[in-house]
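Next up, run39.tsv (TSV, C-alpha atoms and all ligand atoms):
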chain	number	residue	atom	x	y	z
K	188	ASN	CA	-4.88	-22.49	59.75
K	189	SER	CA	-1.91	-24.72	59.26
K	190	VAL	CA	-2.33	-28.13	57.72
K	191	PRO	CA	0.16	-30.68	59.12
K	192	HIS	CA	2.52	-32.32	56.66
K	193	ILE	CA	3.19	-36.06	56.67
K	194	GLU	CA	6.62	-37.41	55.81
K	195	LEU	CA	6.71	-40.00	53.02
K	196	ASN	CA	9.19	-42.81	52.32
K	197	SER	CA	10.49	-40.67	49.42
K	198	GLY	CA	11.67	-38.00	51.86
K	199	HIS	CA	9.07	-35.55	50.51
K	200	SER	CA	6.06	-34.56	52.56
K	201	ILE	CA	2.34	-34.35	51.78
K	202	PRO	CA	-0.22	-31.94	53.28
K	203	GLN	CA	-2.44	-34.18	55.41
K	204	LEU	CA	-5.59	-32.45	54.15
K	205	GLY	CA	-6.16	-32.07	50.42
K	206	PHE	CA	-8.97	-31.47	47.97
K	207	GLY	CA	-10.42	-34.20	45.70
K	208	VAL	CA	-12.05	-33.57	42.31
K	209	PHE	CA	-13.74	-36.89	41.47
K	210	LEU	CA	-17.05	-36.23	39.67
K	211	VAL	CA	-16.37	-32.53	39.35
K	212	ASP	CA	-17.65	-31.64	35.90
K	213	PRO	CA	-14.79	-30.52	33.63
K	214	ALA	CA	-16.78	-27.35	32.90
K	215	ASP	CA	-16.76	-26.46	36.61
K	216	THR	CA	-13.35	-27.76	37.59
K	217	GLN	CA	-11.23	-24.68	36.99
K	218	ARG	CA	-13.57	-22.52	39.09
K	219	VAL	CA	-13.85	-25.18	41.81
K	220	VAL	CA	-10.08	-25.69	42.11
K	221	GLU	CA	-9.42	-21.93	42.06
K	222	ASP	CA	-11.91	-21.63	44.94
K	223	ALA	CA	-10.20	-24.46	46.84
K	224	LEU	CA	-6.80	-22.79	46.42
K	225	GLU	CA	-8.25	-19.48	47.61
K	226	VAL	CA	-9.75	-21.20	50.63
K	227	GLY	CA	-6.25	-22.43	51.41
K	228	TYR	CA	-5.94	-26.00	50.10
K	229	ARG	CA	-2.45	-26.73	48.77
K	230	HIS	CA	-2.98	-30.38	47.83
K	231	ILE	CA	-5.16	-31.39	44.87
K	232	ASP	CA	-6.13	-34.99	44.08
K	233	THR	CA	-7.19	-35.75	40.50
K	234	ALA	CA	-6.94	-38.71	38.10
K	235	THR	CA	-6.86	-39.18	34.34
K	236	GLY	CA	-10.16	-41.02	34.79
K	237	TYR	CA	-11.81	-37.86	36.17
K	238	ASN	CA	-11.36	-36.12	32.79
K	239	ASN	CA	-10.45	-32.84	34.43
K	240	GLU	CA	-6.64	-32.74	34.58
K	241	THR	CA	-6.50	-29.92	32.02
K	242	GLN	CA	-8.83	-27.78	34.12
K	243	VAL	CA	-6.96	-28.58	37.34
K	244	GLY	CA	-3.76	-27.43	35.63
K	245	ALA	CA	-5.44	-24.26	34.37
K	246	ALA	CA	-6.61	-23.42	37.90
K	247	ILE	CA	-3.12	-23.91	39.32
K	248	LYS	CA	-1.68	-21.65	36.66
K	249	ALA	CA	-4.38	-18.99	37.11
K	250	SER	CA	-3.92	-18.97	40.89
K	251	GLY	CA	-0.43	-17.50	40.59
K	252	ILE	CA	0.66	-19.72	43.49
K	253	ARG	CA	4.18	-21.05	43.07
K	254	ARG	CA	4.32	-24.61	41.74
K	255	GLU	CA	6.36	-25.90	44.66
K	256	GLU	CA	3.69	-24.74	47.12
K	257	ILE	CA	1.01	-27.01	45.65
K	258	PHE	CA	1.03	-30.80	46.02
K	259	VAL	CA	-0.50	-32.41	42.92
K	260	THR	CA	-1.56	-36.05	42.66
K	261	THR	CA	-2.89	-37.84	39.61
K	262	LYS	CA	-3.52	-41.49	38.78
K	263	LEU	CA	-2.85	-43.89	35.92
K	264	LEU	CA	-5.98	-44.61	33.87
K	265	ASN	CA	-7.05	-48.27	34.11
K	266	ASP	CA	-7.22	-48.59	30.30
K	267	ASP	CA	-3.63	-47.36	29.91
K	268	HIS	CA	-2.53	-49.68	32.71
K	269	LYS	CA	-4.21	-52.58	30.94
K	270	ALA	CA	-2.68	-51.67	27.58
K	271	GLY	CA	0.77	-51.30	29.13
K	272	ASP	CA	0.95	-47.69	27.92
K	273	VAL	CA	2.29	-46.43	31.22
K	274	ALA	CA	4.99	-44.07	29.94
K	275	GLY	CA	2.58	-42.55	27.42
K	276	ALA	CA	-0.11	-42.11	30.05
K	277	PHE	CA	2.30	-40.42	32.43
K	278	SER	CA	3.49	-37.93	29.78
K	279	ARG	CA	-0.07	-37.15	28.74
K	280	SER	CA	-1.01	-36.41	32.37
K	281	LEU	CA	1.92	-34.02	32.73
K	282	ASP	CA	0.91	-32.32	29.46
K	283	MET	CA	-2.73	-32.00	30.44
K	284	LEU	CA	-1.82	-30.62	33.84
K	285	GLY	CA	0.76	-28.33	32.25
K	286	LEU	CA	3.38	-29.48	34.78
K	287	ASP	CA	6.91	-30.78	34.43
K	288	TYR	CA	6.69	-32.95	37.53
K	289	LEU	CA	4.04	-34.55	39.73
K	290	ASP	CA	4.18	-34.65	43.50
K	291	LEU	CA	2.52	-38.05	43.55
K	292	TYR	CA	1.59	-40.53	40.82
K	293	LEU	CA	-0.65	-43.46	41.75
K	294	ILE	CA	-1.66	-46.75	40.14
K	295	HIS	CA	-5.41	-46.12	40.29
K	296	TRP	CA	-6.52	-49.76	40.72
K	297	PRO	CA	-4.45	-52.96	40.99
K	298	MET	CA	-6.60	-54.81	38.40
K	299	PRO	CA	-5.20	-58.09	39.71
K	300	LYS	CA	-6.63	-60.27	36.94
K	301	ASN	CA	-4.49	-58.38	34.42
K	302	GLU	CA	-1.35	-59.28	36.35
K	303	ARG	CA	0.43	-56.15	35.24
K	304	PHE	CA	0.83	-54.07	38.35
K	305	VAL	CA	4.39	-55.27	39.13
K	306	GLU	CA	5.61	-54.35	35.66
K	307	THR	CA	3.71	-51.05	35.84
K	308	TRP	CA	5.33	-50.31	39.18
K	309	ARG	CA	8.81	-50.77	37.69
K	310	GLN	CA	7.95	-47.96	35.28
K	311	PHE	CA	6.74	-45.85	38.20
K	312	GLU	CA	10.15	-46.41	39.81
K	313	GLY	CA	11.64	-44.92	36.63
K	314	PHE	CA	9.44	-41.79	36.89
K	315	LYS	CA	10.67	-41.37	40.43
K	316	SER	CA	14.32	-41.78	39.57
K	317	ASP	CA	14.14	-39.35	36.64
K	318	GLY	CA	12.53	-36.80	38.95
K	319	ARG	CA	9.25	-36.43	37.08
K	320	ALA	CA	7.35	-37.94	40.03
K	321	LYS	CA	8.60	-36.86	43.45
K	322	SER	CA	6.68	-39.66	45.13
K	323	ILE	CA	4.90	-42.75	43.79
K	324	GLY	CA	2.13	-44.81	45.26
K	325	VAL	CA	-0.82	-47.05	44.68
K	326	SER	CA	-4.56	-46.94	45.21
K	327	ASN	CA	-7.10	-49.60	46.10
K	328	PHE	CA	-4.38	-52.18	46.82
K	329	LEU	CA	-5.20	-55.00	49.25
K	330	VAL	CA	-2.53	-56.43	51.58
K	331	PRO	CA	-1.64	-59.33	49.22
K	332	HIS	CA	-1.12	-56.86	46.35
K	333	LEU	CA	1.23	-54.81	48.51
K	334	GLU	CA	3.09	-57.94	49.54
K	335	THR	CA	3.59	-58.94	45.91
K	336	LEU	CA	4.85	-55.48	45.00
K	337	MET	CA	7.29	-55.32	47.89
K	338	ALA	CA	8.61	-58.82	47.17
K	339	GLU	CA	9.21	-58.15	43.48
K	340	THR	CA	10.26	-54.49	43.23
K	341	ASP	CA	12.64	-52.05	44.90
K	342	VAL	CA	10.65	-48.99	45.96
K	343	VAL	CA	8.06	-49.28	48.74
K	344	PRO	CA	4.95	-47.24	47.79
K	345	ASP	CA	4.72	-43.85	49.49
K	346	VAL	CA	0.96	-44.12	49.93
K	347	ASN	CA	-1.99	-46.39	49.34
K	348	GLN	CA	-5.14	-44.38	48.67
K	349	VAL	CA	-8.14	-46.47	49.68
K	350	GLU	CA	-11.82	-46.18	50.56
K	351	LEU	CA	-11.91	-45.26	54.24
K	352	HIS	CA	-14.65	-43.69	56.38
K	353	PRO	CA	-16.35	-44.52	59.69
K	354	ALA	CA	-18.32	-47.50	58.32
K	355	PHE	CA	-15.20	-48.87	56.57
K	356	GLN	CA	-12.11	-48.19	58.63
K	357	GLN	CA	-9.51	-50.54	57.07
K	358	ARG	CA	-7.83	-51.40	60.41
K	359	GLU	CA	-5.89	-54.45	59.19
K	360	LEU	CA	-4.61	-52.65	56.10
K	361	ARG	CA	-3.62	-49.60	58.15
K	362	ASP	CA	-1.65	-51.73	60.62
K	363	PHE	CA	0.16	-53.49	57.77
K	364	GLN	CA	0.97	-50.19	56.07
K	365	ALA	CA	2.20	-48.58	59.27
K	366	LYS	CA	4.82	-51.34	59.57
K	367	HIS	CA	6.18	-50.47	56.12
K	368	GLY	CA	5.91	-46.70	56.22
K	369	ILE	CA	3.18	-46.75	53.56
K	370	ARG	CA	0.92	-43.81	54.40
K	371	THR	CA	-2.81	-44.36	54.34
K	372	GLU	CA	-4.80	-41.90	52.25
K	373	ALA	CA	-8.59	-41.95	52.66
K	374	TRP	CA	-10.86	-41.60	49.66
K	375	GLY	CA	-14.60	-41.17	50.19
K	376	PRO	CA	-13.71	-39.82	53.64
K	377	LEU	CA	-17.30	-38.68	54.18
K	378	GLY	CA	-18.70	-41.95	52.85
K	379	GLN	CA	-19.35	-40.20	49.52
K	380	GLY	CA	-22.68	-39.09	51.00
K	381	LYS	CA	-23.94	-42.64	50.39
K	382	TYR	CA	-25.12	-43.47	53.91
K	383	GLU	CA	-26.48	-41.64	56.93
K	384	LEU	CA	-23.33	-40.70	58.75
K	385	PHE	CA	-23.87	-37.17	59.95
K	386	THR	CA	-26.91	-37.96	62.13
K	387	LEU	CA	-25.28	-40.75	64.17
K	388	PRO	CA	-24.97	-39.69	67.83
K	389	ALA	CA	-21.22	-40.43	67.86
K	390	ILE	CA	-20.90	-37.75	65.18
K	391	ALA	CA	-23.83	-35.36	65.66
K	392	ASP	CA	-23.64	-35.04	69.47
K	393	VAL	CA	-19.89	-34.52	69.36
K	394	ALA	CA	-20.32	-31.87	66.66
K	395	ALA	CA	-22.81	-30.00	68.84
K	396	ALA	CA	-20.51	-30.26	71.87
K	397	HIS	CA	-17.59	-28.71	69.94
K	398	ASP	CA	-19.80	-26.24	68.06
K	399	VAL	CA	-18.62	-27.63	64.71
K	400	THR	CA	-20.40	-29.53	61.93
K	401	PRO	CA	-20.70	-33.34	61.60
K	402	ALA	CA	-18.48	-33.25	58.48
K	403	GLN	CA	-15.80	-31.45	60.49
K	404	VAL	CA	-15.98	-34.13	63.20
K	405	VAL	CA	-15.52	-36.91	60.64
K	406	LEU	CA	-12.59	-35.16	58.97
K	407	ARG	CA	-11.03	-34.40	62.36
K	408	TRP	CA	-11.36	-38.10	63.24
K	409	HIS	CA	-9.41	-38.94	60.05
K	410	VAL	CA	-6.66	-36.47	60.90
K	411	GLN	CA	-6.32	-37.70	64.49
K	412	THR	CA	-6.29	-41.30	63.20
K	413	GLY	CA	-3.30	-40.35	61.03
K	414	ASN	CA	-5.00	-40.60	57.65
K	415	ILE	CA	-4.27	-38.28	54.75
K	416	VAL	CA	-7.70	-37.03	53.76
K	417	ILE	CA	-9.04	-35.49	50.52
K	418	PRO	CA	-12.71	-34.48	50.85
K	419	LYS	CA	-14.54	-33.11	47.84
K	420	SER	CA	-17.14	-30.40	47.55
K	421	THR	CA	-17.98	-28.06	44.69
K	422	ARG	CA	-19.49	-25.54	47.15
K	423	ARG	CA	-17.08	-22.95	48.43
K	424	GLU	CA	-18.65	-22.71	51.90
K	425	ARG	CA	-18.26	-26.47	52.34
K	426	MET	CA	-14.68	-26.34	51.07
K	427	ALA	CA	-13.98	-23.78	53.78
K	428	GLU	CA	-15.83	-25.85	56.40
K	429	ASN	CA	-13.88	-28.98	55.48
K	430	PHE	CA	-10.61	-27.03	55.65
K	431	ASP	CA	-11.35	-25.60	59.10
K	432	ILE	CA	-10.64	-28.66	61.26
K	433	PHE	CA	-7.52	-27.66	63.15
K	434	GLY	CA	-9.10	-25.46	65.83
K	435	PHE	CA	-10.57	-28.26	67.97
K	436	GLU	CA	-9.61	-31.71	69.17
K	437	LEU	CA	-11.60	-34.90	69.76
K	438	SER	CA	-11.05	-36.57	73.13
K	439	ALA	CA	-9.96	-40.20	73.43
K	440	ASP	CA	-13.56	-41.16	74.30
K	441	GLU	CA	-14.93	-39.30	71.30
K	442	MET	CA	-12.36	-41.00	69.04
K	443	ASN	CA	-13.27	-44.41	70.50
K	444	ALA	CA	-16.97	-43.82	69.86
K	445	ILE	CA	-16.27	-43.16	66.16
K	446	ASP	CA	-13.88	-46.13	66.00
K	447	ALA	CA	-16.83	-48.23	67.18
K	448	LEU	CA	-18.84	-47.29	64.06
K	449	ASP	CA	-16.81	-49.64	61.85
K	450	GLU	CA	-19.07	-52.09	60.01
K	451	ASN	CA	-16.52	-53.25	57.41
K	452	ARG	CA	-18.94	-51.84	54.84
K	453	ARG	CA	-17.71	-50.55	51.48
K	454	VAL	CA	-19.68	-47.98	49.53
K	455	GLY	CA	-17.43	-48.28	46.45
K	456	GLY	CA	-16.06	-51.06	44.23
K	457	HIS	CA	-14.06	-54.03	45.47
K	458	PRO	CA	-10.47	-53.99	44.16
K	459	GLU	CA	-10.65	-57.65	43.07
K	460	ASP	CA	-13.69	-56.90	40.89
K	461	ILE	CA	-12.29	-53.99	38.87
K	462	ASN	CA	-10.15	-55.37	36.06
T	1	LIG	P1	-16.39	-37.71	49.84
T	1	LIG	O1	-16.49	-38.68	50.94
T	1	LIG	O2	-15.36	-36.63	49.91
T	1	LIG	O3	-17.82	-37.13	49.66
T	1	LIG	C1	-18.11	-36.09	48.80
T	1	LIG	C2	-19.58	-35.69	48.98
T	1	LIG	O4	-19.81	-35.37	50.35
T	1	LIG	C3	-19.86	-34.40	48.23
T	1	LIG	O5	-20.32	-34.69	46.93
T	1	LIG	C4	-20.91	-33.74	49.09
T	1	LIG	O6	-22.19	-34.18	48.68
T	1	LIG	C5	-20.64	-34.25	50.45
T	1	LIG	N1	-19.99	-33.23	51.30
T	1	LIG	C6	-18.73	-32.72	51.18
T	1	LIG	N2	-18.47	-31.83	52.16
T	1	LIG	C7	-19.59	-31.77	52.93
T	1	LIG	C8	-19.95	-31.04	54.08
T	1	LIG	N3	-19.08	-30.20	54.66
T	1	LIG	N4	-21.17	-31.22	54.61
T	1	LIG	C9	-22.05	-32.08	54.03
T	1	LIG	N5	-21.78	-32.81	52.93
T	1	LIG	C10	-20.56	-32.65	52.38
T	1	LIG	O7	-16.24	-38.57	48.47
T	1	LIG	P2	-15.32	-38.54	47.19
T	1	LIG	O8	-15.37	-37.24	46.48
T	1	LIG	O9	-15.66	-39.74	46.41
T	1	LIG	O10	-13.86	-38.74	47.78
T	1	LIG	C11	-12.92	-37.68	47.94
T	1	LIG	C12	-11.85	-37.75	46.88
T	1	LIG	O11	-11.18	-39.01	46.93
T	1	LIG	C13	-12.36	-37.69	45.45
T	1	LIG	O12	-12.78	-36.42	45.06
T	1	LIG	C14	-11.17	-38.22	44.70
T	1	LIG	O13	-10.17	-37.22	44.57
T	1	LIG	C15	-10.71	-39.34	45.63
T	1	LIG	N6	-11.25	-40.67	45.23
T	1	LIG	C16	-10.37	-41.62	44.85
T	1	LIG	C17	-10.81	-42.89	44.48
T	1	LIG	C18	-9.81	-43.92	44.08
T	1	LIG	O14	-10.20	-44.95	43.55
T	1	LIG	N7	-8.54	-43.71	44.32
T	1	LIG	C19	-12.18	-43.18	44.48
T	1	LIG	C20	-13.08	-42.19	44.89
T	1	LIG	C21	-12.60	-40.95	45.26
Represent the structure contained in this file as structure tokens.
Ligand code: NAD
Amino acid sequence: NSVPHIELNSGHSIPQLGFGVFLVDPADTQRVVEDALEVGYRHIDTATGYNNETQVGAAIKASGIRREEIFVTTKLLNDDHKAGDVAGAFSRSLDMLGLDYLDLYLIHWPMPKNERFVETWRQFEGFKSDGRAKSIGVSNFLVPHLETLMAETDVVPDVNQVELHPAFQQRELRDFQAKHGIRTEAWGPLGQGKYELFTLPAIADVAAAHDVTPAQVVLRWHVQTGNIVIPKSTRRERMAENFDIFGFELSADEMNAIDALDENRRVGGHPEDIN
């Protein structure tokens, strides 16, 4: 099983498939992340807001895997962003994770009404130039937010991590990002289990035809679309299932049928509303 790597603007590369830990209870997180690393994941996506950075760091340490073999992402807490305590927040994340650098640091939400993300991004540029963040990016940014950032700062974000799944495919944003080399990272790639996705014929019938599961079809669709994808599960057998998506390929017709499921329907918060 070899996960493809995607080249970033920074010159570093990111494993296209990673493991997310949103809503993983801190008490379970070390075990869950150790399982994910044993299954083979080498890319972990956390956030200060998930309250489990310490346990993610403990799992990395306990795994004995060399630091440079694991890609670690965390995200600036909205409250710290709002308060302008960006440098403090970044240092605290490194401390909690027990790391001396991050592979990727993200602005978790643009919080446009606070009008701080440009100034915050300038500090992110500093973390990149001092080497403590190999790559820097954003999350939940809309096209106008990206345009503002690119007009007013020097470094183009390496990624934008956004809600993306078959009912909400973000075509316009993806096209814009492709033009600027901003990689699209999909959160909630399985729709967060919030709508009936796995029983749709475009998913279920294709799964049966390839002798794989519906979740594997959806994740394979992400990979063939070019998305970086970070599914979450606390169950080891599902972690393994979600990791095992490189032994089959969806045909152009099968891809088109999933493309046709787009309803422009979010299951999570709207970036303009979170401030
Ligand atoms: P997801 O789409 O990965 O769905 C997770 C849920 O899907 C699980 O709780 C489980 O019930 C189900 N599931 C997982 N594997 C399955 C399988 N093989 N078969 C059947 N059901 C399965 O949703 P998510 O966890 O919200 O998103 C993934 C990651 O994205 C998060 O863990 C987090 O790291 C990141 N994220 C980021 C933001 C952001 O604002 N940047 C927001 C939400 C999530």
Determine, counting all atoms listed in the file, every residue of protein, DNA or RNA that lies within 9 Å of (-7.8, -43.9, 50.1) in the file coordinates, then give the result as number ranges by chain. K: 326-327, 346-351, 371-376, 414-417
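The nearest approach to Phe385 in chain K among the residues K:Thr400, K:Asn443, K:Thr412, K:Thr340, with only C-alpha atoms taken into account, belongs to K:Thr400.
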Report as a Markdown table the residues of chain K within 6 Å of ligand LIG 1 (chain T), each with its shortest atom pair and distance in Å (one decimal), using only C-alpha atoms and all ligand atoms, ordered by chain and increasing residue number.
| residue | atom | partner | partner_atom | distance |
| --- | --- | --- | --- | --- |
| K:Gly207 | CA | T:LIG1 | O13 | 3.2 |
| K:Val208 | CA | T:LIG1 | O12 | 4.0 |
| K:Phe209 | CA | T:LIG1 | O12 | 3.7 |
| K:Asp232 | CA | T:LIG1 | O13 | 4.6 |
| K:Thr233 | CA | T:LIG1 | O13 | 5.3 |
| K:His295 | CA | T:LIG1 | N7 | 5.6 |
| K:Ser326 | CA | T:LIG1 | N7 | 5.2 |
| K:Gln348 | CA | T:LIG1 | N7 | 5.6 |
| K:Trp374 | CA | T:LIG1 | O11 | 3.8 |
| K:Gly375 | CA | T:LIG1 | O1 | 3.2 |
| K:Pro376 | CA | T:LIG1 | O1 | 4.0 |
| K:Leu377 | CA | T:LIG1 | O1 | 3.3 |
| K:Gly378 | CA | T:LIG1 | O1 | 4.4 |
| K:Gln379 | CA | T:LIG1 | O3 | 3.4 |
| K:Gly380 | CA | T:LIG1 | O4 | 4.7 |
| K:Ala402 | CA | T:LIG1 | N3 | 4.9 |
| K:Ile417 | CA | T:LIG1 | C12 | 5.1 |
| K:Pro418 | CA | T:LIG1 | O2 | 3.5 |
| K:Lys419 | CA | T:LIG1 | O2 | 4.2 |
| K:Ser420 | CA | T:LIG1 | C6 | 4.6 |
| K:Arg425 | CA | T:LIG1 | N3 | 4.5 |
| K:Glu428 | CA | T:LIG1 | N3 | 5.7 |
| K:Asn429 | CA | T:LIG1 | N3 | 5.4 |
Mind checking which residues fall within 9 Å of Phe277 in chain K, counting only C-alpha atoms, ignoring those fewer than 2 positions away in the same chain, and posting them as a ChimeraX atom specification? /K:262-263,272-275,279-282,292,314
Which polymer residues have any atom within 12 Å of an atom of Ile369 in chain K, counting all atoms listed in the file, with same-chain residues fewer than 4 positions away left out, as a ChimeraX atom specification? /K:193-197,322-326,328,330,333-334,337,342-349,360-365,413-415
For Leu387 in chain K, list every protein, DNA or RNA residue within 10 Å, evaluated using all atoms listed in the file, and leave out those in the same chain fewer than 5 positions away; present the list as a ChimeraX atom specification. /K:392-393,401,445,448
Those same residues, written as an mmCIF file, in the frame of the given file with C-alpha atoms?
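The file below, result.cif, is the result:
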data_model
loop_
_atom_site.group_PDB
_atom_site.id
_atom_site.type_symbol
_atom_site.label_atom_id
_atom_site.label_comp_id
_atom_site.auth_asym_id
_atom_site.auth_seq_id
_atom_site.Cartn_x
_atom_site.Cartn_y
_atom_site.Cartn_z
ATOM 1 C CA ASP K 392 -23.640 -35.040 69.470
ATOM 2 C CA VAL K 393 -19.890 -34.520 69.360
ATOM 3 C CA PRO K 401 -20.700 -33.340 61.600
ATOM 4 C CA ILE K 445 -16.270 -43.160 66.160
ATOM 5 C CA LEU K 448 -18.840 -47.290 64.060
#
